[in-house]
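First comes the structure, then the notes that go with it.
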Amino acid sequence: MNRTDDRLIPVLLICAQAAVWPGVPLLRGAVPPASALLVAAMVAGVVTAALVLRRTRPVAALVVVAAACALGAGPLPAGAVAVLGTAGVALALFTVASGRDAFTAVTCVVALAAWQLLQGISLHGLSDRNGLDIVLTALLYAAACGAGLLVRRTRRARRAAEQLLKRAEFERHRLPAVERRRMERELHDVSAHHLTAVVVTAGAALGLRDRRPELAEEALAFAVETGGEVTRALGAVRAPSPSQGSAPSPEERLLDLVAGFRRLDQRVDCEIAPLPEGAVADAAYGIVREALTNVARYAPGAHTRVLCRYGDTRTDVVVTSTRPAAGAVAHGAGLGGGRGQGFLRSRAREAGGTVHSGPTADGGWEVRAELPGRTVAKAEPSTPRAYRAAQVVAAMGLVLQPLLPALVIRAEDVSSGTPSAGGLFALLAAGQAMALLRLGKAPRTAYGMLLGSALLYPVAMAVGDYGGPVLLPPALSLLVTSAALAMGPARIATPRKGRGAVPKSGSAAMTVPHARGGDERPPAHGHVTATLLTVLVHTAAATAAVLDRGTAVPVWAVVAGTAVGATLMGIAAHLVGLRRARRRRHDRLADGERFAAWTEEAVRDAWTERRRIATGLETTVLARTADMVADAQAGRLDATANRAREALAAMRALLDTVRDGETEPGLRPQPTLQALDLLAHQLRSTGRDIEIRVTERVPDRLPIAVDLAAYRAAETVLSAGGEEPATLELDVAKDTLTLTATGVRRAADPAVRERLATRIAAVGGTLTTGPRGTVHLRLPLAVVPDNEETHR
């Protein structure tokens with residue numbers, strides 16, 4: 001239900017309240033007085049208005065609803081505000097928990113429950129031993145608060161997943177252009193330095209051949225040496241290393257940028273944290289460059305501070321400059337085109353962030369940008385301690401408001417005898433409510449508190465001389481524990497295959513160790529254990545309560561009846577928990593498949609660009625460079641100069657082709673291990689910490705089947721990683737290519753293992769998963785000829 005539709009909920013509550021009162025009395029023939037109807041209408045109007053506006057001011061709406069129901073409960077008969085005082089307050093509390101932070105939600109729950117407890121004391125005193133209204137109220141508020149916090153956490157996780165997918169989709173369209181620019185830049189460097197130097201040196205030697213014949217030999221030796229450098233440089237262009245150290249990091253680029261402005265006599269201090277490759281790093285670089293350029297234009301000599309901090313939830317980029325020195329002349333004040341601020345905003349917006357700029361208090365200028373961080377989730381604004389203290393003081397004031405009349409008016413009614421059952425039930429209910437709130441962070445401790453509280457209910461009934469329905473307190477305790485089972489952190493896990501088991505698809509062996517330190521026990525087993533303990537403990541509690549009260553029913557019948565009821569409730573909660581777990585797993589797998597698909601498409605498009613340009617290198621530039629080296633070794637200076645000019649012309653023609661962009665779409669080549677740098681760049685640009693290491697034992701050329709299967713397996717493993725740093729190492733030992741990935745916990749999921757098995761089955765590879773997200777893949781280099789021909 002969206003935000004517009006859920007405004008009808010207050011209207012439905014009004015209708016339900018009207019059906020309870022005055023609807024039921026009217027059906028019985030009792031007409032309420034006009035004064036009561038007027039008061040009820042006023043209370044209903046205030047509550048409805050507050051609930052309609054509850055999303056804009058949730059805490060204020062909660063206070064108004066609770067106060068209106070409490071004031072109306074005095075002059076009105078019983079049931080006149082029953083629906084509004086329970087469901088209305090619970091709805092307002094749910095809105096607080098889902099829209100505000102956990103501290104505010106818990107404070108509201110505790111304050112509201114304590115306020116109603118003290119109000120009940122002021123109205124009825126402490127002698128009411130048989131009331132379970134305190135327990136029911138506490139459970140209702142705990143359920144509403146827990147549901148709100150769960151919805152809030154689910155929404156945040158969903159937003160973070162959507163932002164990650166949005167970021168991955170943006171990088172998917174960006175990676176081919178990044179690869180094209182990289183190759184264009186490096187090809188330009190080769191043409192501008194190496195080949196041009198050969199042409200100039202050979203031309204000078206030809207012009208001075210008669211006067212300085214020794215220059216010819218030097219030019220020929222230089223051509224041979226430079227030709228080898230060109231070949232090596234172009235080889236690096238075609239297949240760069242996937243390690244992060246192969247290219248300048250974003251941090252190094254920013255430091256070089258700052259150093260360049262310092263050489264212009266600008267006073268710049270910087271504090272720059274390491275950034276991942278991708279849109280965030282490019283946006284940060286562009287923002288800092290634009291800000292420093294503006295300082296150099298409009299405030300030369302001003303002291304400038306650059307701050308770039310990369311965090312879990314956001315990236316802060318701040319460039320602050322002071323007032324320029326007196327008498328400083330801004331020579332570049334008229335050089336700007338007036339588009340800088342627009343470019344700043346567009347860069348930040350493309351990266352998923354925001355940017356603000358303006359003057360500082362001391363007459364300087366500040367540019368502040370907030371970009372996505374590692375988890376892509378937006379950071380919640382920090383709340384000052386003074387505001388927290390004010391919240392606590394206000395809550396205590398509201399709680400203590402009913403206490404004074406209770407002490408003055410009911411002081412003579414206070415009993416000094418045995419404690420009441422209502423007070424004991426309130427303590428147990430408070431403990432269970434706290435357990436529900438701690439369920440997400442410490443599930444075992446929460447389940448232990450809930451089961452321990454269930455065993456204490458019969459004791460409270462006996463000590464407090466409870467005379468109400470004997471099964472009601474244990475049933476309420478079972479309801480709370482069942483709610484914990486239904487919304488607890490249960491996840492689906494399939495039985496793990498034994499050592500050396502072979503999956504149905506393919507021939508790859510998937511081995512999962514069972515030794516200590518291996519994969520963690522599937523959480524579904526723990527959920528079943530918690531369900532069985534819930535049934536046993538609550539059966540014992542209900543049986544003890546019934547036998548302590550005394551009954552004519554045989555003991556075995558009491559045990560059987562309570563066991564059946566607890567079993568049905570436990571099974572229902574277990575099924576609800578499994579359904580929620582399946583839904584979460586389905587959403588996670590769907591997001592993972594979309595992320596993997598976009599990663600695969602981005603790498604394939606970039607790989608197509610690389611192969612297109614590399615084909616031009618191999619057929620034109622490299623061929624002419626080889627001819628140049630051959631002529632130089634043969635001592636033909638004229639031919640060497642001509643070949644160098646031809647290679648330079650071919651390089652410039654290739655650069656023009658690169659600038660034109662992609663050619664017409666056609667069949668795209670499959671990426672191999674030489675595309676690992678593209679895969680690492682794509683994953684790093686989405687905020688993931690990826691490190692790929694290739695040992696020297698890995699040959700440059702592998703069998704095609706092994707090359708393709710190894711890349712696909714690496715892509716599957718790294719795409720399944722989460723927020724933890726992941727490392728992939730490739731090595732060759734005993735004619736076997738080994739891929740070892742660490743920090744990929746989701747690689748143990750059945751769907752990921754099945755995809756990995758499919759990737760490596762064609763080459764007879766094996767898969768082994770270990771502790772802490774470790775995956776070992778072994779691919780034999782001796783491939784069956786049929787498989788090799790299939791991959792060709």
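Letters A, B, ... mark the chains of the structure tokens in the order given; residue numbers begin at 1 per chain; ligand numbers begin at 1, in order shown.
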Item to complete: Check segment 596-753 of chain A with DSSP on the backbone and list each residue it calls alpha helix (DSSP H), as a PyMOL selection string.
Response: chain A and resi 596-616+622-633+637-660+676-685+704-719+750-753
Fill in: Surrounding residues of Gly635 of chain A excluding itself and chain neighbours under 2 positions, 8 Å, only C-alpha atoms, as a list in words
Glu217, Leu220, Asp631, Ala632, Gln633 and Leu637 of chain A
Can I get the selection written as a JSON list (two decimals), in the first residue's frame, with C-alpha atoms?
```json
[["chain", "number", "residue", "atom", "x", "y", "z"],
["A", 217, "GLU", "CA", 74.79, 3.93, -36.82],
["A", 220, "LEU", "CA", 69.86, 2.55, -36.56],
["A", 631, "ASP", "CA", 65.48, -2.67, -41.87],
["A", 632, "ALA", "CA", 67.42, -1.07, -39.02],
["A", 633, "GLN", "CA", 69.13, -4.36, -38.19],
["A", 637, "LEU", "CA", 68.62, 3.83, -42.89]]
```
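One finds atom CA of Leu673 of chain A at 24.1 Å from atom CA of Val621 of chain A.
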Discussion item. Restricting the calculation to only C-alpha atoms: of A:Val63, A:Ala78, A:Val280, A:Leu215, which residue gets closest to Arg167 of chain A?
Written reply: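 Checking each of A:Val63, A:Ala78, A:Val280, A:Leu215 against Arg167 of chain A, counting only C-alpha atoms, the winner is A:Val280.
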Worksheet item: Using only C-alpha atoms, which residues sit within 7 Å of Leu371 of chain A once same-chain residues fewer than 6 positions away are excluded, as a PyMOL selection string?
Response: chain A and resi 280+314-316+348+351-354
Store the residues picked out above in a file with all heavy atoms, as a PDB file, in the first residue's frame.
```
ATOM      1  N   VAL A 280      32.816   7.556  -8.930  1.00  0.00           N
ATOM      2  CA  VAL A 280      33.070   8.352  -7.728  1.00  0.00           C
ATOM      3  C   VAL A 280      34.445   8.996  -7.794  1.00  0.00           C
ATOM      4  O   VAL A 280      34.612  10.193  -7.500  1.00  0.00           O
ATOM      5  CB  VAL A 280      32.921   7.469  -6.472  1.00  0.00           C
ATOM      6  CG1 VAL A 280      33.347   8.246  -5.232  1.00  0.00           C
ATOM      7  CG2 VAL A 280      31.486   6.994  -6.320  1.00  0.00           C
ATOM      8  N   ARG A 314      29.380   7.191   2.619  1.00  0.00           N
ATOM      9  CA  ARG A 314      29.476   8.336   1.727  1.00  0.00           C
ATOM     10  C   ARG A 314      30.932   8.735   1.549  1.00  0.00           C
ATOM     11  O   ARG A 314      31.817   8.343   2.333  1.00  0.00           O
ATOM     12  CB  ARG A 314      28.674   9.516   2.254  1.00  0.00           C
ATOM     13  CG  ARG A 314      29.277  10.181   3.483  1.00  0.00           C
ATOM     14  CD  ARG A 314      28.414  11.358   3.936  1.00  0.00           C
ATOM     15  NE  ARG A 314      29.050  12.099   5.010  1.00  0.00           N
ATOM     16  CZ  ARG A 314      28.482  13.122   5.628  1.00  0.00           C
ATOM     17  NH1 ARG A 314      27.283  13.526   5.267  1.00  0.00           N
ATOM     18  NH2 ARG A 314      29.123  13.764   6.607  1.00  0.00           N
ATOM     19  N   THR A 315      31.175   9.533   0.510  1.00  0.00           N
ATOM     20  CA  THR A 315      32.492  10.079   0.213  1.00  0.00           C
ATOM     21  C   THR A 315      32.398  11.595   0.288  1.00  0.00           C
ATOM     22  O   THR A 315      31.581  12.202  -0.420  1.00  0.00           O
ATOM     23  CB  THR A 315      32.976   9.639  -1.178  1.00  0.00           C
ATOM     24  OG1 THR A 315      33.017   8.214  -1.236  1.00  0.00           O
ATOM     25  CG2 THR A 315      34.349  10.193  -1.473  1.00  0.00           C
ATOM     26  N   ASP A 316      33.194  12.199   1.148  1.00  0.00           N
ATOM     27  CA  ASP A 316      33.194  13.654   1.328  1.00  0.00           C
ATOM     28  C   ASP A 316      34.356  14.263   0.545  1.00  0.00           C
ATOM     29  O   ASP A 316      35.517  13.838   0.705  1.00  0.00           O
ATOM     30  CB  ASP A 316      33.322  14.020   2.808  1.00  0.00           C
ATOM     31  CG  ASP A 316      32.093  13.605   3.598  1.00  0.00           C
ATOM     32  OD1 ASP A 316      30.983  13.716   3.055  1.00  0.00           O
ATOM     33  OD2 ASP A 316      32.247  13.163   4.756  1.00  0.00           O
ATOM     34  N   ALA A 348      28.682  15.518  -9.929  1.00  0.00           N
ATOM     35  CA  ALA A 348      28.199  14.909  -8.693  1.00  0.00           C
ATOM     36  C   ALA A 348      26.912  14.129  -8.919  1.00  0.00           C
ATOM     37  O   ALA A 348      26.717  13.045  -8.369  1.00  0.00           O
ATOM     38  CB  ALA A 348      27.990  15.990  -7.629  1.00  0.00           C
ATOM     39  N   ALA A 351      27.450  10.727 -10.504  1.00  0.00           N
ATOM     40  CA  ALA A 351      28.005   9.753  -9.560  1.00  0.00           C
ATOM     41  C   ALA A 351      27.028   9.382  -8.455  1.00  0.00           C
ATOM     42  O   ALA A 351      27.345   8.547  -7.612  1.00  0.00           O
ATOM     43  CB  ALA A 351      29.291  10.302  -8.945  1.00  0.00           C
ATOM     44  N   GLY A 352      25.850  10.010  -8.429  1.00  0.00           N
ATOM     45  CA  GLY A 352      24.868   9.699  -7.399  1.00  0.00           C
ATOM     46  C   GLY A 352      24.994  10.535  -6.148  1.00  0.00           C
ATOM     47  O   GLY A 352      24.544  10.118  -5.082  1.00  0.00           O
ATOM     48  N   GLY A 353      25.596  11.728  -6.252  1.00  0.00           N
ATOM     49  CA  GLY A 353      25.789  12.573  -5.079  1.00  0.00           C
ATOM     50  C   GLY A 353      25.283  13.985  -5.312  1.00  0.00           C
ATOM     51  O   GLY A 353      24.568  14.276  -6.274  1.00  0.00           O
ATOM     52  N   THR A 354      25.683  14.856  -4.413  1.00  0.00           N
ATOM     53  CA  THR A 354      25.292  16.263  -4.484  1.00  0.00           C
ATOM     54  C   THR A 354      26.515  17.131  -4.221  1.00  0.00           C
ATOM     55  O   THR A 354      27.513  16.681  -3.637  1.00  0.00           O
ATOM     56  CB  THR A 354      24.207  16.594  -3.446  1.00  0.00           C
ATOM     57  OG1 THR A 354      24.705  16.271  -2.122  1.00  0.00           O
ATOM     58  CG2 THR A 354      22.931  15.802  -3.708  1.00  0.00           C
TER      59      THR A 354
END
```
Closest pair table for segment 29-77 of chain A residues within 12 Å of segment 101-115 of chain A, only C-alpha atoms, as JSON lines:
```
{"residue": "A:Pro58", "atom": "CA", "partner": "A:Ala105", "partner_atom": "CA", "distance": 10.2}
{"residue": "A:Val59", "atom": "CA", "partner": "A:Cys108", "partner_atom": "CA", "distance": 7.9}
{"residue": "A:Ala60", "atom": "CA", "partner": "A:Cys108", "partner_atom": "CA", "distance": 10.7}
{"residue": "A:Ala61", "atom": "CA", "partner": "A:Cys108", "partner_atom": "CA", "distance": 11.7}
{"residue": "A:Leu62", "atom": "CA", "partner": "A:Cys108", "partner_atom": "CA", "distance": 8.5}
{"residue": "A:Val63", "atom": "CA", "partner": "A:Leu112", "partner_atom": "CA", "distance": 8.8}
{"residue": "A:Val64", "atom": "CA", "partner": "A:Leu112", "partner_atom": "CA", "distance": 11.9}
{"residue": "A:Val65", "atom": "CA", "partner": "A:Leu112", "partner_atom": "CA", "distance": 11.2}
{"residue": "A:Ala66", "atom": "CA", "partner": "A:Leu112", "partner_atom": "CA", "distance": 8.1}
{"residue": "A:Ala67", "atom": "CA", "partner": "A:Leu112", "partner_atom": "CA", "distance": 10.2}
{"residue": "A:Ala70", "atom": "CA", "partner": "A:Trp115", "partner_atom": "CA", "distance": 10.4}
```
Discussion item. Report, in Å with one decimal, the straight-line distance from atom CA of Gly286 of chain A to atom CA of Glu252 of chain A.
Written reply: 14.1 Å
Fill in: Atomic separation - atom CA of Tyr285 of chain A relative to atom CA of Ala369 of chain A, Å
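It comes out at 11.5 Å.
The residue that comes closest to Ala545 of chain A, out of A:Gly743, A:Gly721, A:Pro458, A:Gly373 and on the basis of only C-alpha atoms, is A:Pro458.
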Worksheet item: For Leu479 of chain A, which of A:Ala446, A:Leu140, A:Ile287, A:Leu648 is the closest residue, counting only C-alpha atoms?
Response: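 Once distances to Leu479 of chain A are computed over only C-alpha atoms, the minimum belongs to A:Leu140.
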